[in-house]
file start.cif (mmCIF, C-alpha atoms)
data_query
#
loop_
_atom_site.label_atom_id
_atom_site.label_comp_id
_atom_site.auth_asym_id
_atom_site.auth_seq_id
_atom_site.Cartn_x
_atom_site.Cartn_y
_atom_site.Cartn_z
CA MET V 30 88.66 114.66 72.79
CA ILE V 31 87.75 111.24 71.44
CA LEU V 32 90.37 109.16 69.66
CA GLU V 33 89.48 106.29 67.41
CA LEU V 34 92.21 103.69 67.29
CA VAL V 35 91.69 101.54 64.27
CA ALA V 36 95.02 99.75 63.95
CA ASN V 37 98.41 99.48 65.62
CA ILE V 38 100.14 99.50 62.22
CA PRO V 39 98.68 102.37 60.19
CA TYR V 40 99.46 101.25 56.63
CA ASP V 41 100.76 98.30 54.67
CA GLY V 42 104.32 98.64 53.43
CA ILE V 43 106.50 101.68 54.07
CA PHE V 44 105.29 104.46 56.32
CA LYS V 45 106.83 107.27 58.34
CA GLU V 46 107.17 106.84 62.06
CA PRO V 47 104.00 108.21 63.70
CA THR V 48 104.59 111.25 65.93
CA GLU V 49 104.33 110.35 69.59
CA THR V 50 102.81 112.77 72.04
CA LYS V 51 101.58 112.55 75.63
CA THR V 52 98.39 113.88 77.17
CA VAL V 53 98.49 115.68 80.53
CA ASP V 54 97.26 112.39 82.03
CA GLY V 55 100.28 110.61 80.65
CA PHE V 56 98.51 108.72 77.83
CA LYS V 57 100.57 108.19 74.71
CA ILE V 58 99.04 109.22 71.40
CA PHE V 59 100.54 108.43 68.00
CA PHE V 60 99.70 110.66 65.06
CA ASN V 61 100.03 109.26 61.56
CA ASN V 62 102.14 111.33 59.23
CA VAL V 63 100.13 113.39 56.77
CA ASN V 64 102.30 112.20 53.86
CA ASP V 65 101.28 108.59 54.53
CA ILE V 66 97.62 109.54 54.74
CA LEU V 67 97.93 111.44 51.47
CA MET V 68 99.59 108.48 49.71
CA ASP V 69 96.89 106.16 51.00
CA ARG V 70 94.14 108.46 49.67
CA ILE V 71 95.85 108.81 46.27
CA ARG V 72 96.15 105.04 45.96
CA GLY V 73 92.56 104.56 47.05
CA PHE V 74 91.45 107.10 44.47
CA ILE V 75 93.37 105.47 41.61
CA HIS V 76 93.39 101.77 42.38
CA TRP V 77 90.23 101.22 44.39
CA ASN V 78 88.17 103.77 42.54
CA PHE V 79 87.18 105.55 45.76
CA GLN V 80 86.06 108.75 44.06
CA GLN V 81 85.18 110.44 47.34
CA TYR V 82 88.90 110.39 48.21
CA GLY V 83 89.37 113.16 45.65
CA GLN V 84 87.94 115.80 47.96
CA TRP V 85 90.04 114.52 50.85
CA ILE V 86 93.24 114.70 48.79
CA ILE V 87 92.50 118.33 47.98
CA GLN V 88 91.87 119.13 51.65
CA LEU V 89 95.05 117.36 52.78
CA ILE V 90 97.07 119.35 50.25
CA ARG V 91 95.42 122.66 51.20
CA TYR V 92 95.61 122.26 54.98
CA HIS V 93 99.00 120.55 55.24
CA ARG V 94 100.98 121.99 52.32
CA ASP V 95 103.97 122.93 54.49
CA GLU V 96 104.25 119.44 55.92
CA LEU V 97 104.34 117.66 52.56
CA ASP V 98 107.62 115.85 52.05
CA PHE V 99 107.98 115.79 48.27
CA PRO V 100 111.17 113.66 48.09
CA TYR V 101 109.41 111.07 50.28
CA LEU V 102 106.21 111.19 48.21
CA GLU V 103 108.12 110.96 44.93
CA LYS V 104 110.14 108.01 46.19
CA ASN V 105 107.13 106.02 47.30
CA LEU V 106 104.49 106.79 44.68
CA ASP V 107 104.59 105.16 41.25
CA GLU V 108 104.52 107.24 38.04
CA GLN V 109 100.73 107.33 37.71
CA GLU V 110 100.27 108.13 41.40
CA LYS V 111 102.80 110.97 41.15
CA SER V 112 101.04 112.37 38.11
CA VAL V 113 97.71 112.29 39.97
CA LEU V 114 99.32 113.99 43.00
CA TYR V 115 100.55 116.91 40.85
CA GLN V 116 97.19 117.12 39.07
CA PHE V 117 95.52 117.43 42.47
CA ILE V 118 98.02 120.08 43.54
CA ASP V 119 97.02 122.12 40.48
CA ILE V 120 93.36 121.70 41.39
CA ALA V 121 94.01 122.54 45.06
CA ASP V 122 95.97 125.65 44.01
CA ARG V 123 93.16 126.54 41.60
CA LYS V 124 95.61 126.60 38.69
CA ILE V 125 92.96 124.72 36.73
CA ASN V 126 90.07 127.14 36.46
CA ASN V 127 86.90 127.47 34.41
CA LEU V 128 88.50 129.81 31.88
CA THR V 129 91.37 127.43 31.17
CA LEU V 130 89.03 124.46 30.89
CA ALA V 131 86.63 126.32 28.63
CA PHE V 132 89.53 127.28 26.36
CA TYR V 133 90.85 123.69 26.15
CA LEU V 134 87.43 122.16 25.68
CA LYS V 135 86.49 124.49 22.82
CA GLN V 136 89.87 123.90 21.21
CA LEU V 137 89.29 120.15 21.50
CA LEU V 138 85.83 120.36 19.94
CA ASP V 139 87.14 122.60 17.14
CA ASN V 140 90.05 120.26 16.40
CA GLN V 141 87.70 117.29 16.25
CA GLN V 142 85.27 119.28 14.08
CA ILE V 143 82.45 118.73 16.57
CA HIS V 144 79.86 121.45 16.01
CA TYR V 145 78.53 123.25 19.03
CA SER V 146 76.75 126.43 19.97
CA GLU V 147 78.04 128.59 22.77
CA ASN V 148 76.02 130.59 25.30
CA ASN V 149 77.83 133.03 27.49
CA SER V 150 76.10 135.40 29.87
CA GLU V 151 77.15 136.96 33.17
CA GLU V 152 75.79 134.11 35.25
CA ILE V 153 76.31 131.08 33.04
CA HIS V 154 78.57 129.86 30.23
CA TYR V 155 77.92 126.57 28.41
CA VAL V 156 78.14 124.80 25.09
CA THR V 157 75.40 122.75 23.46
CA ILE V 158 76.14 119.90 21.08
CA ASN V 159 73.45 118.63 18.70
CA LEU V 160 73.27 114.85 18.84
CA ASP V 161 72.40 112.44 16.08
CA GLY V 162 72.03 108.68 15.49
CA LYS V 163 71.99 106.32 18.45
CA ALA V 164 72.96 109.05 20.92
CA LYS V 165 69.99 111.21 19.82
CA ASN V 166 67.58 108.26 20.17
CA ASN V 167 68.74 107.64 23.73
CA LEU V 168 69.52 111.10 25.05
CA GLY V 169 67.38 113.44 23.00
CA ASN V 170 68.46 116.22 20.68
CA TYR V 171 71.12 117.88 22.78
CA PHE V 172 74.01 117.39 25.15
CA GLY V 173 75.42 120.25 27.20
CA ILE V 174 78.70 121.09 28.89
CA LEU V 175 78.58 123.72 31.59
CA LEU V 176 81.76 125.83 31.66
CA SER V 177 80.86 128.42 34.27
CA PRO V 178 80.09 128.87 37.19
CA PHE V 179 81.60 125.38 37.32
CA PHE V 180 82.52 122.57 34.97
CA ALA V 181 79.87 119.83 34.52
CA ILE V 182 77.96 117.82 31.98
CA MET V 183 74.27 118.39 31.33
CA LEU V 184 71.58 116.18 29.82
CA TYR V 185 68.56 117.26 27.82
CA ASN V 186 65.14 117.10 29.48
CA GLU V 187 62.74 116.79 26.56
CA GLU V 188 59.58 117.50 28.60
CA GLU V 189 60.93 120.78 29.91
CA ASP V 190 62.96 121.47 26.77
CA GLU V 191 66.00 122.40 28.82
CA LEU V 192 69.44 121.16 29.82
CA GLU V 193 69.89 119.90 33.37
CA VAL V 194 73.13 119.39 35.22
CA VAL V 195 73.74 115.75 36.22
CA ASP V 196 74.18 114.83 39.91
CA ALA V 197 77.75 115.33 41.16
CA ASN V 198 78.50 111.69 41.93
CA GLU V 199 77.10 110.51 38.56
CA GLN V 200 79.10 112.78 36.26
CA ALA V 201 82.23 110.71 35.68
CA LYS V 202 80.33 107.41 35.50
CA LEU V 203 77.85 108.84 33.02
CA LEU V 204 80.54 110.32 30.78
CA THR V 205 82.30 106.95 30.65
CA GLU V 206 79.06 105.13 29.83
CA LEU V 207 78.24 107.61 27.08
CA ALA V 208 81.72 107.22 25.60
CA ILE V 209 81.42 103.41 25.64
CA ASN V 210 77.88 103.32 24.25
CA PHE V 211 77.91 106.15 21.73
CA GLY V 212 81.54 106.97 20.93
CA LYS V 213 81.96 110.41 19.37
CA PRO V 214 81.47 113.16 20.62
CA PHE V 215 81.70 111.72 24.14
CA THR V 216 85.03 109.95 23.56
CA GLN V 217 86.54 113.28 22.52
CA ILE V 218 85.53 115.07 25.71
CA MET O 25 68.56 126.31 24.63
CA LYS O 26 67.30 126.84 28.19
CA VAL O 27 69.25 125.62 31.19
CA ASN O 28 67.77 124.68 34.56
CA LEU O 29 69.46 127.28 36.77
CA LYS O 30 67.91 126.00 40.00
CA LYS O 31 69.69 122.68 39.61
CA ILE O 32 72.97 124.47 39.00
CA GLU O 33 72.57 126.66 42.08
CA ALA O 34 71.69 123.61 44.19
CA ILE O 35 75.13 122.04 43.68
CA SER O 36 77.42 122.84 46.62
CA GLU O 37 80.94 124.27 46.30
CA GLN O 38 82.36 120.96 47.47
CA ASP O 39 80.40 119.00 44.86
CA ARG O 40 81.49 121.44 42.16
CA GLU O 41 85.09 120.66 42.98
CA LEU O 42 84.32 116.93 43.11
CA ILE O 43 82.85 117.07 39.60
CA LEU O 44 85.95 118.87 38.34
CA VAL O 45 88.25 116.26 39.86
CA ASP O 46 86.14 113.37 38.58
CA LEU O 47 85.85 114.65 35.04
CA ILE O 48 89.53 115.54 34.71
CA MET O 49 90.66 112.21 36.14
CA THR O 50 88.13 110.26 34.09
CA SER O 51 89.13 111.92 30.86
CA LYS O 52 92.77 111.23 31.70
CA TYR O 53 92.66 107.74 33.18
CA GLY O 54 89.14 106.40 32.55
CA VAL O 55 86.92 104.76 35.15
CA LYS O 56 88.16 101.50 36.59
CA PRO O 57 86.00 98.91 38.30
CA PRO O 58 86.26 99.30 42.07
CA LYS O 59 88.79 97.00 43.72
CA PRO O 60 88.00 96.21 47.33
CA ARG O 61 90.77 96.66 49.88
CA ASP O 62 91.25 94.01 52.51
CA PRO O 63 87.54 93.43 53.36
CA LEU O 64 88.14 93.39 57.12
CA LYS O 65 90.10 96.65 57.07
CA ALA O 66 87.64 98.24 54.66
CA GLU O 67 84.68 97.34 56.87
CA LEU O 68 86.37 98.73 59.96
CA LEU O 69 87.42 101.92 58.22
CA LYS O 70 83.98 102.44 56.72
CA LYS O 71 82.33 101.91 60.11
CA PHE O 72 84.37 104.71 61.67
CA GLU O 73 83.98 106.99 58.70
CA ASP O 74 80.22 106.51 58.64
CA LYS O 75 80.10 107.29 62.35
CA ARG O 76 81.90 110.58 61.70
CA ASP O 77 79.78 111.30 58.63
CA GLY O 78 82.78 110.85 56.35
CA PHE O 79 86.47 111.57 56.58
CA LYS O 80 87.19 114.82 58.39
CA ILE O 81 90.26 117.01 58.53
CA GLY O 82 90.76 119.97 60.82
CA GLN O 83 87.94 120.82 63.21
CA ILE O 84 86.33 117.44 63.85
#
call {"tool": "encode", "arguments": {"input": "start.cif", "output": "structure tokens"}}
result
Amino acid sequence: MILELVANIPYDGIFKEPTETKTVDGFKIFFNNVNDILMDRIRGFIHWNFQQYGQWIIQLIRYHRDELDFPYLEKNLDEQEKSVLYQFIDIADRKINNLTLAFYLKQLLDNQQIHYSENNSEEIHYVTINLDGKAKNNLGNYFGILLSPFFAIMLYNEEEDELEVVDANEQAKLLTELAINFGKPFTQI
Amino acid sequence: MKVNLKKIEAISEQDRELILVDLIMTSKYGVKPPKPRDPLKAELLKKFEDKRDGFKIGQI
């Protein structure tokens, strides 16, 4: 076993006492508490924009659910951090699924009177929105939202005349840029 | 409208979940400019994480 010791004080501010254990050779090892790691990842995700922490938060919740100390987490996280924690719990528990998202998204588009066409087959479910104005000039005729087998945004490839899913780590950034540059319908999504 | 199915199939389960998290959080809170942590701590942490090929939980 290799241990990497990166600091003698694990986190700034309040943290739970690390668990002390001894190896058969008599070496002391201190294990950070999973609740402190989780809080650190949530804060990193929100305040430092470390998007890759999202996957880690889900894994921490899934693998260490029984060790989560909710009164401690609630006491030490601010309102936004708490809200993100519970959102992640829903994602980790798969309470947010494709069907629910598809329902909400279509309801949102209908309420905003954004016209779309829907394609639903056994292997794929998506909506296509016809673009106009500045968005059409920059992105082409269409914009797509994949609803199943997973949720994602798709851009139009004019040469191939098809919609293509955007790379995983570009999705959120792209959606924000589209909303800033072109407004509706991207601001509504 | 056609959809490129190969590109869809090429996205891993982990990335699918990452997209879901990113899009939900972005639509709720927007994207903020990255704020660096303490640069010394961040460098040290990144060095170890890179060495392990990212943060790992469970069977390292």
call {"tool": "atom_distance", "arguments": {"input": "start.cif", "atom1": "CA of Ser146 in chain V", "atom2": "CA of Gly173 in chain V"}}
result
9.6 Å
call {"tool": "resolve_selection", "arguments": {"input": "start.cif", "expression": "the PyMOL selection byres ((chain V) within 6 of (chain O))", "output": "PyMOL selection string"}}
result
chain V and resi 77-78+191-193+197+201
call {"tool": "axis_aligned_box", "arguments": {"input": "start.cif", "around": "range 74-86 of chain V", "padding_each_side": "8 Å", "output": "lines of an AutoDock Vina configuration file"}}
result
center_x = 89.3
center_y = 108.5
center_z = 46.2
size_x = 24.2
size_y = 30.6
size_z = 25.2
call {"tool": "atom_distance", "arguments": {"input": "start.cif", "atom1": "CA of Ala34 in chain O", "atom2": "CA of Glu189 in chain V"}}
result
18.1 Å
call {"tool": "residues_near_point", "arguments": {"input": "start.cif", "point": "(102.2, 107.2, 59.0)", "cutoff": "8 Å", "atoms": "all atoms listed in the file", "output": "number ranges by chain"}}
result
V: 39-40, 44-47, 60-66
call {"tool": "resolve_selection", "arguments": {"input": "start.cif", "expression": "the PyMOL selection byres ((chain V and resi 119-129) around 8)", "output": "number ranges by chain"}}
result
V: 87-88, 90-91, 115-118, 130-133, 176-180; O: 45
call {"tool": "write_last_selection", "arguments": {"input": "start.cif", "atoms": "C-alpha atoms", "output": "PDB file, keeping the file's coordinate frame"}}
result
ATOM      1  CA  ILE V  87      92.500 118.330  47.980  1.00  0.00           C
ATOM      2  CA  GLN V  88      91.870 119.130  51.650  1.00  0.00           C
ATOM      3  CA  ILE V  90      97.070 119.350  50.250  1.00  0.00           C
ATOM      4  CA  ARG V  91      95.420 122.660  51.200  1.00  0.00           C
ATOM      5  CA  TYR V 115     100.550 116.910  40.850  1.00  0.00           C
ATOM      6  CA  GLN V 116      97.190 117.120  39.070  1.00  0.00           C
ATOM      7  CA  PHE V 117      95.520 117.430  42.470  1.00  0.00           C
ATOM      8  CA  ILE V 118      98.020 120.080  43.540  1.00  0.00           C
ATOM      9  CA  LEU V 130      89.030 124.460  30.890  1.00  0.00           C
ATOM     10  CA  ALA V 131      86.630 126.320  28.630  1.00  0.00           C
ATOM     11  CA  PHE V 132      89.530 127.280  26.360  1.00  0.00           C
ATOM     12  CA  TYR V 133      90.850 123.690  26.150  1.00  0.00           C
ATOM     13  CA  LEU V 176      81.760 125.830  31.660  1.00  0.00           C
ATOM     14  CA  SER V 177      80.860 128.420  34.270  1.00  0.00           C
ATOM     15  CA  PRO V 178      80.090 128.870  37.190  1.00  0.00           C
ATOM     16  CA  PHE V 179      81.600 125.380  37.320  1.00  0.00           C
ATOM     17  CA  PHE V 180      82.520 122.570  34.970  1.00  0.00           C
TER      18      PHE V 180
ATOM     19  CA  VAL O  45      88.250 116.260  39.860  1.00  0.00           C
TER      20      VAL O  45
END
call {"tool": "residues_around", "arguments": {"input": "start.cif", "residues": "Glu103 in chain V", "least_positions_apart": "2", "cutoff": "12 Å", "atoms": "all atoms listed in the file", "output": "PyMOL selection string"}}
result
chain V and resi 64+68+97-101+105-115
call {"tool": "atom_distance", "arguments": {"input": "start.cif", "atom1": "CA of Gly212 in chain V", "atom2": "CA of Gly83 in chain V"}}
result
26.7 Å
